[in-house]
file work_29.tsv (TSV, C-alpha atoms)
chain	number	residue	atom	x	y	z
Z	1	MET	CA	-35.35	-24.49	6.82
Z	2	SER	CA	-33.23	-27.45	7.93
Z	3	ILE	CA	-29.50	-27.17	8.59
Z	4	ASN	CA	-28.70	-29.22	5.46
Z	5	ASN	CA	-30.88	-26.98	3.30
Z	6	THR	CA	-29.29	-23.91	4.83
Z	7	ILE	CA	-25.77	-25.15	4.07
Z	8	THR	CA	-26.82	-26.11	0.53
Z	9	THR	CA	-28.33	-22.67	-0.04
Z	10	ILE	CA	-25.13	-20.94	1.08
Z	11	ILE	CA	-22.80	-23.19	-0.94
Z	12	SER	CA	-24.93	-22.90	-4.09
Z	13	ASN	CA	-24.70	-19.10	-3.98
Z	14	HIS	CA	-21.64	-18.56	-6.19
Z	15	GLN	CA	-21.50	-14.85	-5.38
Z	16	VAL	CA	-21.13	-15.65	-1.67
Z	17	THR	CA	-18.68	-18.55	-1.99
Z	18	GLY	CA	-16.69	-16.73	-4.66
Z	19	THR	CA	-16.27	-13.66	-2.46
Z	20	ILE	CA	-15.22	-15.71	0.58
Z	21	ALA	CA	-12.71	-17.70	-1.49
Z	22	ALA	CA	-11.29	-14.52	-3.06
Z	23	VAL	CA	-10.83	-12.83	0.33
Z	24	ILE	CA	-9.06	-15.84	1.84
Z	25	LEU	CA	-6.88	-16.71	-1.18
Z	26	ILE	CA	-5.77	-13.14	-1.94
Z	27	THR	CA	-5.09	-12.48	1.75
Z	28	LEU	CA	-2.99	-15.65	1.94
Z	29	ALA	CA	-1.10	-14.56	-1.19
Z	30	GLY	CA	-0.22	-11.25	0.48
Z	31	TYR	CA	0.76	-13.06	3.68
Z	32	PHE	CA	3.14	-15.57	2.07
Z	33	LEU	CA	4.67	-13.06	-0.35
Z	34	THR	CA	5.42	-10.81	2.63
Z	35	LEU	CA	7.00	-13.70	4.53
Z	36	GLN	CA	9.17	-14.35	1.47
Z	37	LYS	CA	10.24	-10.66	1.48
Z	38	VAL	CA	8.68	-10.09	-1.95
Z	39	PHE	CA	6.46	-7.38	-0.42
Z	40	SER	CA	7.89	-4.85	2.04
Z	41	LYS	CA	6.48	-2.39	4.55
Z	42	ALA	CA	7.05	0.39	2.03
Z	43	PHE	CA	5.02	-1.56	-0.56
Z	44	GLU	CA	2.13	-1.90	1.92
Z	45	GLU	CA	2.19	1.82	2.72
Z	46	GLN	CA	2.23	2.87	-0.94
Z	47	ILE	CA	-0.55	0.50	-1.98
Z	48	THR	CA	-2.65	1.59	1.01
Z	49	LYS	CA	-2.18	5.20	-0.06
Z	50	LEU	CA	-3.27	4.25	-3.60
Z	51	ILE	CA	-6.39	2.53	-2.28
Z	52	LEU	CA	-7.43	5.41	-0.01
Z	53	THR	CA	-6.52	8.22	-2.41
Z	54	LEU	CA	-7.78	6.83	-5.75
Z	55	SER	CA	-9.53	3.46	-5.66
Z	56	VAL	CA	-12.02	3.93	-2.83
Z	57	PRO	CA	-12.97	7.52	-3.85
Z	58	ALA	CA	-13.58	6.24	-7.40
Z	59	LEU	CA	-15.63	3.33	-6.04
Z	60	SER	CA	-17.68	5.63	-3.79
Z	61	PHE	CA	-18.36	8.13	-6.59
Z	62	ILE	CA	-19.36	5.79	-9.43
Z	63	SER	CA	-21.67	3.79	-7.13
Z	64	PHE	CA	-24.00	6.82	-7.23
Z	65	MET	CA	-24.10	6.81	-11.04
Z	66	GLN	CA	-27.59	5.32	-11.29
Z	67	PRO	CA	-31.18	6.61	-11.58
Z	68	LEU	CA	-32.66	8.31	-8.54
Z	69	ASN	CA	-34.78	5.81	-6.67
Z	70	ARG	CA	-37.22	7.38	-4.21
Z	71	GLN	CA	-37.33	4.30	-2.02
Z	72	LEU	CA	-33.53	4.08	-1.99
Z	73	LEU	CA	-33.34	7.79	-1.13
Z	74	SER	CA	-35.72	7.42	1.80
Z	75	GLU	CA	-33.86	4.35	3.01
Z	76	GLY	CA	-30.52	6.12	2.60
Z	77	ILE	CA	-31.55	8.84	5.05
Z	78	THR	CA	-32.59	6.16	7.54
Z	79	ILE	CA	-29.24	4.37	7.07
Z	80	ILE	CA	-27.33	7.59	7.85
Z	81	CYS	CA	-29.36	7.97	11.06
Z	82	TRP	CA	-28.71	4.34	12.01
Z	83	GLY	CA	-25.00	4.89	11.43
Z	84	PHE	CA	-24.89	7.74	13.93
Z	85	PHE	CA	-27.07	5.91	16.47
Z	86	LEU	CA	-25.13	2.64	16.38
Z	87	TYR	CA	-21.65	4.18	16.46
Z	88	VAL	CA	-22.52	6.54	19.33
Z	89	ALA	CA	-24.30	3.79	21.27
Z	90	LEU	CA	-21.41	1.38	20.81
Z	91	LEU	CA	-18.88	4.01	21.91
Z	92	VAL	CA	-20.81	4.22	25.18
Z	93	ILE	CA	-21.31	0.47	25.61
Z	94	ALA	CA	-17.99	-0.98	24.35
Z	95	PRO	CA	-15.75	0.23	27.23
Z	96	LEU	CA	-18.06	-1.57	29.67
Z	97	ALA	CA	-17.00	-4.89	28.14
Z	98	TYR	CA	-13.53	-4.29	29.63
Z	99	PHE	CA	-14.86	-3.89	33.17
Z	100	PHE	CA	-12.08	-6.11	34.54
Z	101	LEU	CA	-9.42	-3.51	33.68
Z	102	SER	CA	-8.71	-0.99	36.42
Z	103	ASP	CA	-7.50	1.82	34.11
Z	104	HIS	CA	-10.52	3.86	32.95
Z	105	PHE	CA	-8.67	5.41	29.99
Z	106	LYS	CA	-7.43	2.00	28.85
Z	107	ARG	CA	-11.04	0.78	28.80
Z	108	LYS	CA	-12.02	3.78	26.68
Z	109	VAL	CA	-9.17	3.22	24.19
Z	110	LEU	CA	-10.05	-0.47	23.83
Z	111	GLY	CA	-13.71	0.50	23.44
Z	112	ILE	CA	-12.80	2.81	20.57
Z	113	ILE	CA	-10.83	0.19	18.63
Z	114	THR	CA	-13.66	-2.30	19.29
Z	115	VAL	CA	-16.13	-0.01	17.53
Z	116	PHE	CA	-14.08	1.29	14.60
Z	117	GLY	CA	-13.01	-1.23	11.98
Z	118	SER	CA	-11.22	-0.98	8.64
Z	119	THR	CA	-14.53	-0.66	6.81
Z	120	THR	CA	-12.93	0.92	3.74
Z	121	ILE	CA	-10.36	-1.85	3.28
Z	122	PHE	CA	-12.42	-4.85	4.41
Z	123	GLY	CA	-16.19	-4.41	4.75
Z	124	LEU	CA	-16.90	-2.06	1.85
Z	125	PRO	CA	-15.18	-4.15	-0.88
Z	126	ILE	CA	-16.97	-7.29	0.36
Z	127	ALA	CA	-20.34	-5.50	0.42
Z	128	GLY	CA	-19.66	-4.27	-3.11
Z	129	ALA	CA	-18.63	-7.73	-4.31
Z	130	ILE	CA	-21.82	-9.31	-2.96
Z	131	TYR	CA	-24.45	-6.57	-3.32
Z	132	GLY	CA	-23.03	-4.44	-6.14
Z	133	ALA	CA	-23.61	-0.69	-6.43
Z	134	LYS	CA	-26.45	-0.76	-3.91
Z	135	GLY	CA	-24.13	-2.27	-1.29
Z	136	ILE	CA	-21.54	0.45	-1.96
Z	137	ILE	CA	-24.15	3.20	-1.59
Z	138	TYR	CA	-25.46	1.73	1.67
Z	139	ALA	CA	-21.91	1.33	3.00
Z	140	SER	CA	-20.93	4.87	1.99
Z	141	LEU	CA	-23.98	6.37	3.69
Z	142	PHE	CA	-23.58	4.25	6.83
Z	143	ASN	CA	-19.93	5.31	6.96
Z	144	ILE	CA	-20.68	9.04	7.10
Z	145	ALA	CA	-21.03	8.82	10.89
Z	146	TYR	CA	-17.95	6.58	11.02
Z	147	ARG	CA	-15.73	9.16	9.31
Z	148	LEU	CA	-17.03	12.15	11.26
Z	149	LEU	CA	-16.53	10.41	14.62
Z	150	LEU	CA	-13.21	8.83	13.65
Z	151	TYR	CA	-11.56	12.13	12.73
Z	152	THR	CA	-13.13	14.15	15.56
Z	153	TYR	CA	-14.09	12.21	18.68
Z	154	VAL	CA	-11.40	9.52	18.41
Z	155	ASN	CA	-8.64	12.03	17.71
Z	156	ILE	CA	-9.78	14.26	20.57
Z	157	VAL	CA	-9.91	11.37	23.07
Z	158	MET	CA	-6.53	9.95	22.08
Z	159	ALA	CA	-4.78	13.33	22.01
Z	160	HIS	CA	-6.53	14.73	25.11
Z	161	GLN	CA	-7.48	17.85	23.15
Z	162	ARG	CA	-10.44	19.84	21.86
Z	163	LEU	CA	-11.85	19.98	18.34
Z	164	GLN	CA	-9.58	22.17	16.23
Z	165	ARG	CA	-9.78	23.80	12.81
Z	166	GLY	CA	-7.13	21.43	11.48
Z	167	THR	CA	-9.27	18.44	12.45
Z	168	LEU	CA	-12.25	19.81	10.52
Z	169	ARG	CA	-10.02	20.46	7.52
Z	170	GLN	CA	-8.78	16.86	7.69
Z	171	ILE	CA	-12.40	15.62	7.51
Z	172	ILE	CA	-13.51	17.95	4.71
Z	173	LEU	CA	-10.45	17.36	2.50
Z	174	ASN	CA	-10.46	13.56	2.86
Z	175	PRO	CA	-10.72	12.18	-0.74
Z	176	ILE	CA	-13.24	9.52	0.29
Z	177	VAL	CA	-15.47	12.09	2.01
Z	178	ILE	CA	-15.25	14.42	-1.01
Z	179	ALA	CA	-16.08	11.61	-3.45
Z	180	THR	CA	-18.97	10.33	-1.32
Z	181	LEU	CA	-20.54	13.78	-0.89
Z	182	LEU	CA	-20.01	14.65	-4.58
Z	183	GLY	CA	-21.55	11.36	-5.67
Z	184	LEU	CA	-24.44	11.82	-3.25
Z	185	PHE	CA	-25.03	15.35	-4.60
Z	186	CYS	CA	-25.06	14.11	-8.21
Z	187	TRP	CA	-27.44	11.30	-7.33
Z	188	LEU	CA	-29.86	13.54	-5.42
Z	189	CYS	CA	-29.87	16.44	-7.88
Z	190	GLN	CA	-29.97	14.61	-11.21
Z	191	ASP	CA	-33.68	15.28	-11.84
Z	192	TRP	CA	-33.11	19.06	-11.55
Z	193	ALA	CA	-29.83	19.27	-13.46
Z	194	PRO	CA	-29.53	20.12	-17.20
Z	195	GLN	CA	-30.52	17.05	-19.20
Z	196	ILE	CA	-29.03	15.26	-22.22
Z	197	ILE	CA	-30.93	12.83	-24.45
Z	198	ILE	CA	-29.16	9.44	-24.56
Z	199	ASN	CA	-30.87	6.53	-26.35
Z	200	HIS	CA	-34.20	8.37	-26.28
Z	201	GLN	CA	-33.90	8.87	-22.51
Z	202	SER	CA	-33.25	12.09	-20.60
Z	203	VAL	CA	-30.33	11.94	-18.17
Z	204	ALA	CA	-28.42	14.52	-16.13
Z	205	PHE	CA	-25.28	15.81	-17.81
Z	206	PHE	CA	-23.13	14.60	-14.88
Z	207	ARG	CA	-24.35	10.99	-15.16
Z	208	ILE	CA	-20.97	10.02	-16.59
Z	209	ASP	CA	-22.00	6.37	-16.92
Z	210	GLN	CA	-24.28	7.61	-19.73
Z	211	THR	CA	-22.73	10.87	-20.95
Z	212	ALA	CA	-18.97	10.27	-20.60
Z	213	SER	CA	-18.33	6.54	-20.80
Z	214	TRP	CA	-14.59	7.14	-21.30
Z	215	LEU	CA	-14.37	8.85	-17.89
Z	216	TYR	CA	-16.69	6.38	-16.20
Z	217	GLN	CA	-14.67	3.41	-17.47
Z	218	SER	CA	-11.43	4.97	-16.23
Z	219	LEU	CA	-12.91	5.44	-12.76
Z	220	LYS	CA	-14.34	1.92	-12.85
Z	221	TYR	CA	-10.91	0.44	-13.52
Z	222	LEU	CA	-9.62	2.29	-10.45
Z	223	ALA	CA	-12.65	1.21	-8.41
Z	224	ASP	CA	-12.15	-2.44	-9.37
Z	225	LEU	CA	-8.70	-2.35	-7.78
Z	226	THR	CA	-10.18	-1.69	-4.33
Z	227	ALA	CA	-11.18	-5.21	-3.32
Z	228	PRO	CA	-8.17	-7.28	-4.46
Z	229	LEU	CA	-5.59	-4.72	-3.36
Z	230	SER	CA	-7.31	-4.29	0.01
Z	231	TRP	CA	-7.29	-8.00	0.70
Z	232	LEU	CA	-3.68	-8.26	-0.46
Z	233	ILE	CA	-2.69	-5.52	2.00
Z	234	ILE	CA	-4.44	-7.32	4.87
Z	235	GLY	CA	-2.21	-10.32	4.10
Z	236	CYS	CA	0.86	-8.05	4.03
Z	237	THR	CA	-0.05	-6.72	7.47
Z	238	LEU	CA	-0.36	-10.23	8.88
Z	239	GLY	CA	2.98	-11.24	7.35
Z	240	GLN	CA	4.87	-8.42	9.10
Z	241	LEU	CA	3.68	-9.06	12.65
Z	242	PRO	CA	5.35	-11.46	15.14
Z	243	LEU	CA	2.62	-14.09	15.37
Z	244	LYS	CA	4.27	-16.17	18.10
Z	245	GLN	CA	4.46	-13.23	20.52
Z	246	ILE	CA	0.89	-12.13	19.89
Z	247	ILE	CA	-1.04	-15.35	19.35
Z	248	PHE	CA	-1.17	-16.20	23.09
Z	249	ASN	CA	-2.34	-12.78	24.33
Z	250	LYS	CA	-5.64	-13.43	26.14
Z	251	LEU	CA	-6.82	-9.80	26.10
Z	252	ALA	CA	-6.24	-9.58	22.33
Z	253	TRP	CA	-8.35	-12.70	21.72
Z	254	TYR	CA	-11.07	-11.42	24.05
Z	255	TYR	CA	-11.06	-8.22	22.02
Z	256	ALA	CA	-11.20	-10.20	18.75
Z	257	VAL	CA	-14.32	-12.09	19.87
Z	258	LEU	CA	-16.01	-8.80	20.71
Z	259	LYS	CA	-14.93	-7.21	17.43
Z	260	SER	CA	-15.74	-10.06	15.05
Z	261	LEU	CA	-18.76	-11.63	16.76
Z	262	VAL	CA	-20.39	-9.66	19.57
Z	263	VAL	CA	-20.46	-6.15	18.04
Z	264	PRO	CA	-21.85	-7.24	14.64
Z	265	LEU	CA	-24.35	-9.52	16.40
Z	266	ILE	CA	-25.61	-6.60	18.51
Z	267	CYS	CA	-26.01	-4.48	15.37
Z	268	LEU	CA	-27.78	-7.30	13.53
Z	269	LEU	CA	-30.26	-7.88	16.36
Z	270	ILE	CA	-31.05	-4.16	16.75
Z	271	LEU	CA	-31.62	-3.70	13.01
Z	272	LEU	CA	-33.73	-6.87	12.74
Z	273	LEU	CA	-35.85	-5.75	15.69
Z	274	SER	CA	-36.39	-2.35	14.07
Z	275	GLN	CA	-37.40	-4.12	10.86
Z	276	HIS	CA	-39.78	-6.46	12.71
Z	277	TYR	CA	-41.54	-3.60	14.52
Z	278	GLN	CA	-41.26	-1.26	11.48
Z	279	VAL	CA	-39.44	1.43	13.46
Z	280	PHE	CA	-36.88	3.09	11.15
Z	281	ALA	CA	-36.84	-0.20	9.25
Z	282	ILE	CA	-34.31	-0.80	6.46
Z	283	SER	CA	-34.01	-3.55	3.86
Z	284	ASN	CA	-32.21	-6.85	4.31
Z	285	VAL	CA	-29.43	-5.74	1.96
Z	286	ALA	CA	-28.88	-2.59	4.02
Z	287	ILE	CA	-28.82	-4.63	7.25
Z	288	ALA	CA	-26.34	-7.11	5.78
Z	289	THR	CA	-24.12	-4.27	4.54
Z	290	ALA	CA	-24.05	-2.63	7.99
Z	291	VAL	CA	-23.12	-5.94	9.64
Z	292	LEU	CA	-20.34	-6.60	7.09
Z	293	LEU	CA	-18.88	-3.19	7.94
Z	294	MET	CA	-18.99	-4.03	11.64
Z	295	ILE	CA	-17.04	-7.30	11.31
Z	296	SER	CA	-14.10	-5.43	9.75
Z	297	PRO	CA	-10.80	-5.77	11.66
Z	298	THR	CA	-9.41	-2.88	13.67
Z	299	SER	CA	-9.12	0.41	11.81
Z	300	THR	CA	-5.53	1.51	11.35
Z	301	ILE	CA	-6.42	5.13	12.19
Z	302	PRO	CA	-7.16	4.73	15.94
Z	303	VAL	CA	-4.17	2.39	16.21
Z	304	ALA	CA	-2.03	5.10	14.59
Z	305	TYR	CA	-3.48	7.62	17.04
Z	306	SER	CA	-2.63	5.34	19.98
Z	307	ILE	CA	0.96	5.01	18.75
Z	308	SER	CA	1.31	8.71	18.02
Z	309	TYR	CA	-0.12	9.81	21.39
Z	310	ASN	CA	1.32	6.85	23.36
Z	311	CYS	CA	-2.10	5.51	24.36
Z	312	PHE	CA	-1.31	1.85	25.07
Z	313	PRO	CA	0.24	1.31	21.61
Z	314	GLU	CA	1.46	-2.23	22.32
Z	315	ILE	CA	-1.95	-3.63	23.24
Z	316	THR	CA	-3.77	-1.82	20.40
Z	317	ALA	CA	-1.24	-3.22	17.90
Z	318	LYS	CA	-1.71	-6.75	19.26
Z	319	CYS	CA	-5.51	-6.42	19.17
Z	320	SER	CA	-5.32	-5.09	15.62
Z	321	MET	CA	-3.25	-8.06	14.49
Z	322	ILE	CA	-5.50	-10.69	16.10
Z	323	SER	CA	-8.64	-9.00	14.74
Z	324	ASN	CA	-7.31	-9.44	11.21
Z	325	ILE	CA	-7.17	-13.18	11.84
Z	326	SER	CA	-10.57	-13.36	13.59
Z	327	SER	CA	-12.30	-11.32	10.88
Z	328	ILE	CA	-11.03	-13.65	8.14
Z	329	ILE	CA	-12.06	-16.70	10.19
Z	330	SER	CA	-15.54	-15.35	10.98
Z	331	LEU	CA	-16.20	-13.99	7.46
Z	332	PRO	CA	-17.60	-17.26	5.97
Z	333	PHE	CA	-19.96	-17.61	8.94
Z	334	TRP	CA	-21.24	-14.03	8.65
Z	335	VAL	CA	-21.57	-14.01	4.86
Z	336	GLY	CA	-23.39	-17.32	5.01
Z	337	ALA	CA	-25.69	-16.21	7.82
Z	338	LEU	CA	-26.46	-12.88	6.14
Z	339	SER	CA	-27.24	-14.61	2.85
Z	340	LEU	CA	-30.18	-16.27	4.63
Z	341	LEU	CA	-31.79	-12.85	5.07
Z	342	HIS	CA	-32.66	-12.96	1.37

call {"tool": "encode", "arguments": {"input": "work_29.tsv", "output": "structure tokens"}}
result
Amino acid sequence: MSINNTITTIISNHQVTGTIAAVILITLAGYFLTLQKVFSKAFEEQITKLILTLSVPALSFISFMQPLNRQLLSEGITIICWGFFLYVALLVIAPLAYFFLSDHFKRKVLGIITVFGSTTIFGLPIAGAIYGAKGIIYASLFNIAYRLLLYTYVNIVMAHQRLQRGTLRQIILNPIVIATLLGLFCWLCQDWAPQIIINHQSVAFFRIDQTASWLYQSLKYLADLTAPLSWLIIGCTLGQLPLKQIIFNKLAWYYAVLKSLVVPLICLLILLLSQHYQVFAISNVAIATAVLLMISPTSTIPVAYSISYNCFPEITAKCSMISNISSIISLPFWVGALSLLH
């Protein structure tokens, strides 16, 4: 395929161009409204809490409200395994990219924020916008390893402590984890659950998309808030940070290149190689979803840990800010490139 044909194919895909335009325009709206003092820090915190407590759990749960597909089930197990493999491997490799820093712990902290992105706020809504319910399922399954490692390993490293009962409780009681596991249970067990006849078809009683449309629609309204509110909040974050002081930080830009380009490229190449040699191969949609999650800007959780435990908070904050910019800039390239997989 020639370059001209490739560009034409990308531009003619309205789902792709529409998603990119929405991300950029809504993010810019949040940015300028924050600069104009229309949105405050308190607004950002409250909307973020809404997204993480209601919208994303609703999105994760209703994405599983579909018939059990044996191929999707088999692929889902493989995606979970890939999630664990890639996150663990990257946690080992990422600190090596900061070989020029003399402080070993600083390299480890930067490695952590290089690996963990804001997948819930950035990657997951984009995957859902482009690939629909299947993209949400793939993202939710891939993120199981992300959440387990984020609330255990990352917290332990930053706090210089061992795994504690409170940490496990934090994982188990996380609304997104609960919704994902509950949705996964409903999806897996629907063939063995009590059935109800709907339109001459037998469905599990907990398939609320068929048996309780009033509840499903309510959750769908909440789920539909995830993408626009998430992108708006990214703009709010950018509008509150001192751009002039951060924009010339060389380490932050080096980090941003790793986060937005190198890490997702490594994941893409590994997954394409596995597909080529049919070793734990997954579909193109699953590969694209995993890569979209990996281009997400820095997760706020490890940055919050670094601030709370005084683990180089200034540099992690600067890296976080620059990665928001680099992720938005690189998004059209990645969405366009991934669209060619189809």

call {"tool": "atom_distance", "arguments": {"input": "work_29.tsv", "atom1": "atom CA of Z:Leu238", "atom2": "atom CA of Z:Ile325"}}
result
8.0 Å

call {"tool": "closest_residue", "arguments": {"input": "work_29.tsv", "among": "Z:Leu141, Z:Leu181, Z:Leu268, Z:Ala58", "to": "Z:Glu75", "atoms": "only C-alpha atoms"}}
result
Z:Leu141

call {"tool": "closest_residue", "arguments": {"input": "work_29.tsv", "among": "Z:Val38, Z:Leu269, Z:Ile233, Z:Val115", "to": "Z:Leu149", "atoms": "all atoms listed in the file"}}
result
Z:Val115

call {"tool": "residues_near_point", "arguments": {"input": "work_29.tsv", "point": "(-21.9, 1.6, -1.7)", "cutoff": "9 Å", "atoms": "all atoms listed in the file", "output": "PyMOL selection string"}}
result
chain Z and resi 59-61+63-64+124-125+127-128+131-141+289

call {"tool": "atom_distance", "arguments": {"input": "work_29.tsv", "atom1": "atom CA of Z:Leu272", "atom2": "atom CA of Z:Leu341"}}
result
9.9 Å

call {"tool": "atom_distance", "arguments": {"input": "work_29.tsv", "atom1": "atom CA of Z:Ala204", "atom2": "atom CA of Z:Arg70"}}
result
16.4 Å

call {"tool": "closest_residue", "arguments": {"input": "work_29.tsv", "among": "Z:Val109, Z:Leu338, Z:Cys189, Z:Val157", "to": "Z:Asn69", "atoms": "only C-alpha atoms"}}
result
Z:Cys189

call {"tool": "closest_residue", "arguments": {"input": "work_29.tsv", "among": "Z:Leu293, Z:Tyr153, Z:Asp103, Z:Val177", "to": "Z:Val88", "atoms": "only C-alpha atoms"}}
result
Z:Tyr153

call {"tool": "closest_residue", "arguments": {"input": "work_29.tsv", "among": "Z:Pro228, Z:Pro95, Z:Pro67, Z:Pro297", "to": "Z:Ala256", "atoms": "all atoms listed in the file"}}
result
Z:Pro297

call {"tool": "closest_residue", "arguments": {"input": "work_29.tsv", "among": "Z:Ile295, Z:Val303, Z:Leu50, Z:Ile80", "to": "Z:Val154", "atoms": "only C-alpha atoms"}}
result
Z:Val303

call {"tool": "axis_aligned_box", "arguments": {"input": "work_29.tsv", "around": "stretch 28-44 of chain Z", "padding_each_side": "6 Å", "output": "lines of an AutoDock Vina configuration file"}}
result
center_x = 3.6
center_y = -7.6
center_z = 1.3
size_x = 25.2
size_y = 28.0
size_z = 18.5
